[in-house]
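Okay, run_16.cif is below, mmCIF, C-alpha atoms and all ligand atoms:
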data_work
#
loop_
_atom_site.label_atom_id
_atom_site.label_comp_id
_atom_site.auth_asym_id
_atom_site.auth_seq_id
_atom_site.Cartn_x
_atom_site.Cartn_y
_atom_site.Cartn_z
CA MET A 203 60.07 202.80 162.60
CA ILE A 204 63.67 201.61 162.77
CA SER A 205 66.11 204.19 161.41
CA PRO A 206 68.26 202.95 158.50
CA TYR A 207 71.21 204.66 160.19
CA ARG A 208 71.18 202.50 163.35
CA SER A 209 72.30 198.88 163.43
CA PRO A 210 69.92 196.32 165.08
CA ALA A 211 72.53 195.80 167.85
CA ARG A 212 72.51 199.50 168.72
CA VAL A 213 68.75 199.53 168.71
CA ALA A 214 68.72 196.71 171.28
CA LEU A 215 71.42 198.47 173.35
CA GLY A 216 69.44 201.69 173.73
CA PRO A 217 66.92 200.44 176.31
CA MET A 218 69.67 198.42 178.07
CA VAL A 219 71.78 201.55 178.56
CA LEU A 220 68.72 203.36 179.88
CA ILE A 221 67.98 200.54 182.34
CA ALA A 222 71.64 200.53 183.46
CA LEU A 223 71.52 204.29 183.97
CA VAL A 224 68.34 204.08 186.01
CA VAL A 225 69.67 201.19 188.15
CA GLY A 226 72.98 203.03 188.55
CA ALA A 227 71.23 206.19 189.69
CA PHE A 228 69.27 204.21 192.31
CA ALA A 229 72.44 202.49 193.50
CA ALA A 230 74.27 205.81 193.77
CA ALA A 231 71.36 207.35 195.68
CA PHE A 232 71.34 204.34 198.03
CA ALA A 233 75.09 204.46 198.56
CA TYR A 234 74.90 208.19 199.23
CA THR A 235 72.08 207.74 201.75
CA ALA A 236 73.99 204.92 203.44
CA GLY A 237 77.02 207.19 203.74
CA TRP A 238 79.28 205.00 201.64
CA PHE A 239 80.84 208.04 199.98
CA LEU A 240 81.79 209.70 203.24
CA PRO A 241 85.46 209.18 204.01
CA GLU A 242 84.74 209.25 207.77
CA ARG A 243 82.16 206.44 207.56
CA LEU A 244 82.92 203.77 210.11
CA THR A 245 83.08 200.36 208.47
CA PRO A 246 83.55 196.99 210.22
CA ASN A 247 86.81 196.48 208.28
CA LYS A 248 88.17 199.85 209.40
CA VAL A 249 87.28 199.22 213.03
CA VAL A 250 88.64 195.68 213.12
CA ASP A 251 91.86 196.66 211.32
CA ALA A 252 92.41 199.45 213.85
CA PHE A 253 92.55 196.96 216.74
CA ALA A 254 95.60 195.18 215.26
CA PRO A 255 98.70 195.43 217.49
CA PRO A 256 101.97 196.72 215.93
CA GLY A 257 103.12 193.19 214.95
CA GLY A 258 99.79 192.44 213.25
CA PRO A 259 96.86 190.33 214.46
CA ALA A 260 97.22 186.78 215.80
CA LEU A 261 95.89 184.80 212.84
CA GLY A 262 92.97 182.51 213.60
CA HIS A 263 92.18 184.39 216.81
CA ARG A 264 89.64 187.02 217.83
CA ARG A 265 90.67 190.52 216.74
CA ASN A 266 89.92 191.87 220.21
CA HIS A 267 89.65 190.11 223.57
CA VAL A 268 92.13 187.75 221.95
CA LYS A 269 93.26 185.90 225.11
CA GLY A 270 90.62 183.68 226.62
CA ILE A 271 89.55 180.28 227.86
CA CYS A 272 86.29 178.36 227.37
CA PHE A 273 83.86 177.17 230.00
CA THR A 274 80.66 175.16 230.08
CA GLY A 275 77.89 174.95 232.65
CA ILE A 276 74.27 175.88 233.18
CA PHE A 277 72.07 178.88 233.78
CA GLU A 278 69.56 178.08 236.52
CA ALA A 279 66.55 180.40 236.09
CA ASN A 280 64.42 181.12 239.16
CA GLY A 281 61.43 182.31 237.09
CA ALA A 282 61.56 185.97 238.21
CA GLY A 283 62.83 187.07 234.77
CA SER A 284 59.53 186.04 233.15
CA SER A 285 57.81 189.10 234.64
CA LEU A 286 60.10 191.21 232.44
CA SER A 287 60.75 189.06 229.37
CA GLU A 288 59.18 186.11 227.63
CA ALA A 289 62.64 184.77 226.75
CA PRO A 290 62.44 180.98 227.18
CA MET A 291 65.58 180.87 229.36
CA PHE A 292 63.81 182.90 232.07
CA ARG A 293 61.27 180.14 232.73
CA PRO A 294 62.26 178.18 235.86
CA GLY A 295 64.75 175.49 234.88
CA GLN A 296 68.30 174.76 233.83
CA TYR A 297 69.74 175.78 230.47
CA PRO A 298 73.15 174.81 229.02
CA VAL A 299 75.74 177.53 228.62
CA ILE A 300 78.97 177.87 226.66
CA GLY A 301 81.13 180.79 227.69
CA ARG A 302 84.55 182.33 227.51
CA PHE A 303 86.58 184.25 230.07
CA ASN A 304 88.77 186.77 228.28
CA LEU A 305 90.97 189.84 228.41
CA ALA A 306 90.27 193.12 226.60
CA THR A 307 93.39 193.21 224.48
CA ALA A 308 94.17 192.55 220.83
CA ASP A 309 97.73 191.54 221.75
CA ILE A 310 97.96 187.79 222.23
CA LYS A 311 101.36 188.22 223.91
CA ALA A 312 100.09 190.64 226.57
CA ALA A 313 100.76 189.44 230.11
CA ASP A 314 97.52 189.04 232.09
CA ALA A 315 98.73 191.50 234.74
CA THR A 316 98.93 194.30 232.15
CA VAL A 317 95.32 194.13 230.94
CA ARG A 318 92.93 196.26 232.98
CA VAL A 319 89.59 195.04 231.61
CA ARG A 320 88.42 191.43 231.83
CA GLY A 321 85.41 190.04 230.04
CA MET A 322 83.04 187.15 229.58
CA GLY A 323 81.28 185.87 226.46
CA LEU A 324 78.17 183.84 227.28
CA GLN A 325 75.64 181.81 225.31
CA ILE A 326 72.53 180.46 227.04
CA ALA A 327 70.54 177.93 224.98
CA ALA A 328 66.86 177.07 225.40
CA PRO A 329 65.00 174.00 224.13
CA GLY A 330 63.63 174.72 220.67
CA GLY A 331 66.85 176.29 219.44
CA GLN A 332 66.71 179.85 220.75
CA VAL A 333 69.97 181.26 222.13
CA TRP A 334 70.96 184.41 224.00
CA ARG A 335 74.50 185.63 223.39
CA THR A 336 76.11 188.40 225.36
CA ALA A 337 79.65 189.71 225.79
CA MET A 338 80.24 191.64 229.00
CA ILE A 339 83.12 193.35 230.80
CA ASP A 340 84.02 193.98 234.43
CA SER A 341 84.14 197.78 234.33
CA PRO A 342 80.92 199.48 235.49
CA PHE A 343 80.79 201.71 232.39
CA PHE A 344 82.38 201.94 228.94
CA PRO A 345 85.27 204.35 228.25
CA VAL A 346 83.41 206.25 225.52
CA SER A 347 79.84 207.12 224.49
CA THR A 348 79.63 206.05 220.86
CA PRO A 349 81.03 203.42 218.48
CA GLN A 350 82.71 206.24 216.50
CA ALA A 351 84.46 207.39 219.67
CA LEU A 352 85.69 203.84 220.37
CA TYR A 353 87.25 203.81 216.92
CA GLY A 354 88.85 207.20 217.65
CA LEU A 355 90.17 205.87 220.95
CA VAL A 356 91.69 202.78 219.37
CA VAL A 357 93.34 204.90 216.66
CA ALA A 358 94.63 207.47 219.18
CA SER A 359 96.02 204.83 221.52
CA GLY A 360 97.94 203.21 218.64
CA SER A 361 99.14 206.53 217.21
CA LYS A 362 102.78 207.59 217.05
CA ASP A 363 101.73 211.18 217.73
CA PRO A 364 102.61 211.78 221.41
CA ASP A 365 99.66 214.19 221.76
CA ALA A 366 97.07 211.91 220.15
CA MET A 367 95.64 210.59 223.42
CA LYS A 368 95.63 214.03 225.03
CA THR A 369 93.74 215.47 222.06
CA PHE A 370 91.28 212.57 222.09
CA ALA A 371 90.69 212.84 225.84
CA GLY A 372 90.10 216.59 225.49
CA ALA A 373 87.31 215.93 223.00
CA HIS A 374 85.82 213.03 225.03
CA PRO A 375 85.47 214.07 228.68
CA GLU A 376 83.75 210.76 229.56
CA LEU A 377 87.15 209.06 229.20
CA ALA A 378 88.40 210.73 232.41
CA HIS A 379 85.65 208.96 234.36
CA PHE A 380 86.82 205.61 233.01
CA GLY A 381 90.44 206.55 233.71
CA ALA A 382 89.56 207.24 237.34
CA TRP A 383 87.93 203.80 237.61
CA ALA A 384 90.95 202.12 235.98
CA GLN A 385 93.29 203.87 238.43
CA SER A 386 91.34 203.22 241.60
CA ALA A 387 89.34 199.98 241.21
CA PRO A 388 91.03 196.99 242.86
CA TRP A 389 92.54 194.25 240.70
CA THR A 390 91.72 190.66 241.60
CA GLY A 391 93.67 187.47 240.94
CA SER A 392 90.79 185.55 239.35
CA TYR A 393 88.16 185.62 236.62
CA ALA A 394 85.90 184.05 239.29
CA GLU A 395 85.98 187.19 241.43
CA GLU A 396 84.87 189.62 238.72
CA PRO A 397 81.42 191.03 237.93
CA TYR A 398 80.52 191.08 234.23
CA ASN A 399 78.29 193.90 232.92
CA SER A 400 76.34 194.20 229.66
CA LEU A 401 76.79 198.02 229.72
CA ASN A 402 74.69 198.20 226.56
CA SER A 403 70.95 198.45 227.05
CA PHE A 404 68.33 196.14 225.54
CA VAL A 405 64.53 196.01 225.48
CA PHE A 406 62.77 193.26 227.40
CA THR A 407 59.24 192.38 226.31
CA SER A 408 57.03 190.31 228.59
CA ALA A 409 54.32 187.85 227.57
CA SER A 410 51.77 190.62 228.28
CA ARG A 411 53.69 192.90 225.84
CA ALA A 412 55.02 195.21 228.57
CA THR A 413 58.40 196.62 227.57
CA ASN A 414 61.32 197.79 229.68
CA VAL A 415 64.80 199.00 228.81
CA VAL A 416 67.34 197.03 230.81
CA ARG A 417 71.01 196.30 231.38
CA TRP A 418 72.34 193.21 233.11
CA SER A 419 75.19 192.15 235.35
CA LEU A 420 76.62 188.87 236.57
CA LEU A 421 77.66 189.28 240.19
CA PRO A 422 80.20 186.76 241.50
CA SER A 423 79.49 184.68 244.56
CA ALA A 424 83.27 184.45 245.12
CA GLN A 425 84.47 187.19 247.43
CA PRO A 426 86.79 189.55 245.48
CA VAL A 427 90.26 189.75 247.00
CA ALA A 428 92.25 192.82 245.98
CA VAL A 429 95.76 192.03 244.76
CA PRO A 430 98.25 194.90 244.24
CA PRO A 431 99.19 195.20 240.53
CA ASP A 432 102.91 194.82 241.32
CA GLU A 433 102.12 191.50 243.01
CA LEU A 434 100.13 190.37 239.90
CA ALA A 435 103.05 191.37 237.69
CA LYS A 436 105.15 188.69 239.40
CA ARG A 437 102.71 185.95 238.35
CA ALA A 438 102.92 183.91 235.13
CA PRO A 439 101.87 185.74 231.93
CA ASP A 440 98.78 183.49 231.66
CA PHE A 441 98.04 183.25 235.38
CA LEU A 442 94.30 183.92 234.96
CA GLU A 443 93.76 180.82 232.80
CA GLN A 444 95.89 178.73 235.11
CA GLU A 445 94.09 179.99 238.21
CA ILE A 446 90.56 179.37 236.89
CA ALA A 447 91.48 175.87 235.64
CA LYS A 448 92.80 175.06 239.10
CA ARG A 449 89.94 176.74 241.01
CA ILE A 450 87.22 174.77 239.18
CA LYS A 451 88.65 171.56 240.63
CA GLY A 452 87.31 172.77 243.99
CA GLY A 453 83.74 172.86 242.64
CA PRO A 454 81.45 174.92 240.35
CA LEU A 455 81.70 178.72 240.22
CA ARG A 456 78.60 180.90 240.56
CA TRP A 457 77.32 184.32 239.50
CA THR A 458 73.87 185.85 240.10
CA LEU A 459 72.28 187.34 236.99
CA VAL A 460 70.72 190.70 237.90
CA ILE A 461 68.55 192.71 235.50
CA LYS A 462 68.51 196.46 236.07
CA VAL A 463 65.43 198.32 234.80
CA ALA A 464 65.75 201.86 233.41
CA GLU A 465 63.47 204.71 234.36
CA PRO A 466 62.41 207.46 231.97
CA GLY A 467 65.32 209.81 231.33
CA ASP A 468 68.06 207.26 232.04
CA PRO A 469 70.86 207.33 229.43
CA THR A 470 69.86 204.15 227.62
CA ALA A 471 71.89 204.96 224.48
CA ASP A 472 75.17 205.70 226.25
CA PRO A 473 77.12 202.87 227.94
CA SER A 474 79.67 205.34 229.35
CA GLN A 475 77.02 206.54 231.80
CA GLU A 476 75.91 204.42 234.74
CA TRP A 477 72.26 204.42 235.76
CA PRO A 478 71.42 205.53 239.31
CA GLN A 479 72.08 202.86 241.93
CA ASN A 480 68.47 202.83 243.14
CA ARG A 481 67.02 201.40 239.92
CA ARG A 482 64.85 198.28 240.22
CA ALA A 483 67.12 195.21 240.11
CA VAL A 484 65.68 191.73 239.58
CA ASP A 485 67.69 188.61 240.44
CA VAL A 486 66.66 186.17 237.69
CA GLY A 487 68.92 183.18 238.34
CA THR A 488 72.40 181.78 238.68
CA LEU A 489 75.16 181.09 236.18
CA ILE A 490 76.95 177.93 237.28
CA VAL A 491 80.31 177.32 235.59
CA GLN A 492 81.03 173.60 235.83
CA ALA A 493 84.03 172.99 233.58
CA ILE A 494 86.92 174.94 232.08
CA GLU A 495 88.09 173.87 228.63
CA PRO A 496 91.07 174.97 226.52
CA GLU A 497 90.02 177.54 223.95
CA ALA A 498 91.62 175.88 220.91
CA SER A 499 89.76 172.60 221.37
CA GLY A 500 86.85 173.94 223.43
CA PRO A 501 83.30 174.78 222.32
CA CYS A 502 83.64 178.59 222.64
CA ARG A 503 86.35 178.98 220.02
CA ASP A 504 83.99 179.06 217.06
CA ILE A 505 81.16 181.01 218.71
CA ASN A 506 80.67 184.62 217.74
CA TYR A 507 79.37 186.29 220.92
CA ASP A 508 77.45 188.82 218.84
CA PRO A 509 75.28 190.82 221.26
CA THR A 510 72.42 191.03 218.75
CA VAL A 511 71.86 187.25 218.80
CA LEU A 512 68.83 187.39 221.07
CA PRO A 513 65.84 185.20 221.89
CA THR A 514 62.18 186.21 221.69
CA GLY A 515 61.51 188.70 224.49
CA ILE A 516 64.87 190.48 224.22
CA GLY A 517 65.57 193.09 221.55
CA THR A 518 67.98 195.91 220.85
CA SER A 519 67.27 199.43 222.16
CA ASN A 520 68.26 202.94 221.06
CA ASP A 521 71.84 202.10 222.14
CA PRO A 522 73.91 202.24 218.90
CA PHE A 523 76.61 199.87 220.16
CA PRO A 524 75.08 196.42 219.60
CA ALA A 525 74.58 196.97 215.86
CA ALA A 526 78.13 198.33 215.47
CA ARG A 527 79.48 195.47 217.57
CA SER A 528 77.55 192.91 215.54
CA SER A 529 79.14 193.97 212.25
CA ALA A 530 82.65 194.20 213.77
CA TYR A 531 82.36 190.81 215.50
CA ARG A 532 81.20 189.27 212.25
CA ARG A 533 84.18 190.70 210.39
CA SER A 534 86.52 189.36 213.10
CA TYR A 535 84.73 186.00 213.01
CA ASP A 536 84.97 185.77 209.22
CA LEU A 537 88.69 186.53 209.34
CA ARG A 538 89.56 184.15 212.15
CA THR A 539 87.52 181.23 210.87
CA ALA A 540 89.09 181.60 207.42
CA GLU A 541 92.47 181.43 209.16
CA ALA A 542 91.62 178.33 211.21
CA ALA A 543 94.74 176.55 209.95
CA HIS A 544 96.78 179.02 212.04
CA TYR A 545 94.89 178.01 215.17
CA PRO A 546 94.06 174.35 214.80
CA ALA A 547 91.49 172.90 217.16
CA THR A 548 93.94 170.23 218.23
CA THR A 549 96.54 172.70 219.57
CA PRO A 550 97.34 171.67 223.13
CA GLU A 551 96.72 174.63 225.43
CA ALA A 552 96.48 175.26 229.14
CA THR A 553 95.33 171.96 230.61
CA PRO A 554 92.39 172.43 232.94
C1 LIG B 1 81.60 199.45 218.82
C2 LIG B 1 82.11 198.95 219.92
C3 LIG B 1 82.87 197.64 219.95
C4 LIG B 1 83.65 197.05 219.00
C5 LIG B 1 83.98 197.57 217.60
C6 LIG B 1 84.12 195.79 219.54
C7 LIG B 1 84.94 194.89 218.87
C8 LIG B 1 85.17 193.59 219.26
C9 LIG B 1 85.73 192.53 218.44
C10 LIG B 1 86.19 192.71 216.99
C11 LIG B 1 85.73 191.38 219.14
C12 LIG B 1 86.17 189.98 218.68
C13 LIG B 1 84.92 189.23 218.22
C14 LIG B 1 85.14 187.80 217.71
O1 LIG B 1 86.06 187.54 216.91
O2 LIG B 1 84.36 186.90 218.09
C15 LIG B 1 85.20 191.72 220.44
C16 LIG B 1 85.06 190.83 221.47
C17 LIG B 1 84.55 191.16 222.69
N1 LIG B 1 84.00 192.38 223.07
FE1 LIG B 1 83.80 194.00 221.95
N2 LIG B 1 83.63 195.65 220.80
C18 LIG B 1 82.87 196.76 221.09
C19 LIG B 1 82.18 197.03 222.25
C20 LIG B 1 82.15 196.21 223.32
C21 LIG B 1 81.43 196.45 224.55
C22 LIG B 1 80.52 197.66 224.81
C23 LIG B 1 81.67 195.39 225.36
C24 LIG B 1 81.17 195.09 226.75
C25 LIG B 1 80.15 195.62 227.33
C26 LIG B 1 82.52 194.46 224.66
C27 LIG B 1 82.97 193.23 225.12
C28 LIG B 1 83.59 192.27 224.37
C29 LIG B 1 83.90 190.94 224.88
C30 LIG B 1 83.64 190.41 226.27
C31 LIG B 1 84.48 190.25 223.81
C32 LIG B 1 84.98 188.81 223.80
C33 LIG B 1 83.83 187.90 223.45
C34 LIG B 1 84.33 186.49 223.19
O3 LIG B 1 84.88 185.89 224.11
O4 LIG B 1 84.18 186.02 222.06
N3 LIG B 1 82.79 194.98 223.43
N4 LIG B 1 84.88 193.06 220.49
#
Entire entry expressed as structure tokens:
Amino acid sequence: MISPYRSPARVALGPMVLIALVVGAFAAAFAYTAGWFLPERLTPNKVVDAFAPPGGPALGHRRNHVKGICFTGIFEANGAGSSLSEAPMFRPGQYPVIGRFNLATADIKAADATVRVRGMGLQIAAPGGQVWRTAMIDSPFFPVSTPQALYGLVVASGSKDPDAMKTFAGAHPELAHFGAWAQSAPWTGSYAEEPYNSLNSFVFTSASRATNVVRWSLLPSAQPVAVPPDELAKRAPDFLEQEIAKRIKGGPLRWTLVIKVAEPGDPTADPSQEWPQNRRAVDVGTLIVQAIEPEASGPCRDINYDPTVLPTGIGTSNDPFPAARSSAYRRSYDLRTAEAAHYPATTPEATP
């Protein structure tokens, strides 16, 4: 019976309020479980904002690895990769690639000679529409073990507190290993002379459903020539782009794609730790870079080299980085594509 003391509107509102309360309680429980209430939760926005240099980000550009130049070419598979993965681009044949040589800095004004880590974004396409995207760097391991630690490192390195880096390094001993590499590894004068390493691990699944945890590297066929850093400092601020655009005129540039297979106990979730040198390594084909194109008008500009964009036969592993990278790259991509007017595709850039 309807009470004479309650209006019809209030009667109808009763169940609505109850439903709202129930839905709200579920949402709160979900948000709590997802960690949304934790102030220390790492969000893509927080991470991407942290990369910004003191003068702010270069609008329309990538929020990290901001300097770069596009290339096109092919991946020539020799068929050996099919024993490990059913990915279509491992079947013998040639597959088109769109890539990007780049520098690990968020500062678009950084001179090439001041940036220690160089990288490559790569997309290999197979007939039928499947693509494999990967973004690799030339160091043999990552500076830190977790995505949270990378955020901490970026914050510490941009901090005004003179002790911030010392405090961070004290809490992250793996950083010293990277520091030793950065101090001692030779510099080269060309993107063509660098290896590019996935560092993150992935799971390969073969047609017979065998699975292996792997990492991959592109090993250059060009002989690396060490150039003292003070000699590089005398070169033009964008000498790497200029050099690669000139070098390609002498013919295509090649890298061998090598897949390294983990053994039980290898640190598959931690890219700051190298796997032992004696792990099985399978040469699966050759990346052939045929043309260099300016970034602004080239085909790599609007590609998001999200490392979780994978074909059948390649999946993510227990390594937490690819998922964290995926959400940060998407945030960066969303920002830069919305700002496209600041980086128009017609901008004349380094002429290959
Ligand atoms: C949680 C860890 C990481 C974060 C938050 C992060 C963040 C970013 C961001 C925001 C971009 C720009 C993406 C875009 O706008 O398209 C980027 C690009 C890039 N990152 Fe990372 N990164 C991480 C780990 C790594 C690792 C482990 C590697 C190498 C093994 C790497 C290599 C690269 C490369 C090569 C690019 C340039 C790709 C391109 O040319 O588009 N990053 N990163």
Choose the residue, out of A:Pro255, A:Gly330, A:Gly262, A:Pro469, that has the smallest atom-to-atom separation from Ser519 of chain A; count all atoms listed in the file.
-> A:Pro469
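Contacts with ligand LIG 1 (chain B) are defined as any residue atom within 6 Å of a ligand atom, using all atoms listed in the file; the residues meeting this criterion are A:Val249, A:Val250, A:Arg264, A:Arg265, A:Asn266, A:His267, A:Arg302, A:Asn304, A:Gly321, A:Met322, A:Gly323, A:Ala337, A:Met338, A:Ile339, A:Pro349, A:Ser400, A:Leu401, A:Asn506, A:Tyr507, A:Phe523, A:Ala526, A:Arg527, A:Ala530, A:Tyr531, A:Ser534, A:Tyr535.
In this structure, atom CA of Ile300 of chain A sits 6.1 Å away from atom CA of Leu324 of chain A.
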Skipping near chain neighbours, those fewer than 5 positions away, what residues fall within 10 Å of segment 385-387 of chain A using all atoms listed in the file, listed as a ChimeraX atom specification?
-> /A:318,341,380,428
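The space between atom CA of Ala313 of chain A and atom CA of Glu497 of chain A spans 17.2 Å.
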Please provide as an MDAnalysis selection string all residues within 10 Å of Gln350 of chain A, with the sequence filter that same-chain residues fewer than 4 positions apart are discarded (counting only C-alpha atoms).
-> chainID A and resid 242:245 249 346 354:355 522:523 526
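In terms of minimum interatomic distance to Glu395 of chain A, A:Pro426 ranks closest within A:Pro524, A:Pro329, A:Gly467, A:Pro426, counting only C-alpha atoms.
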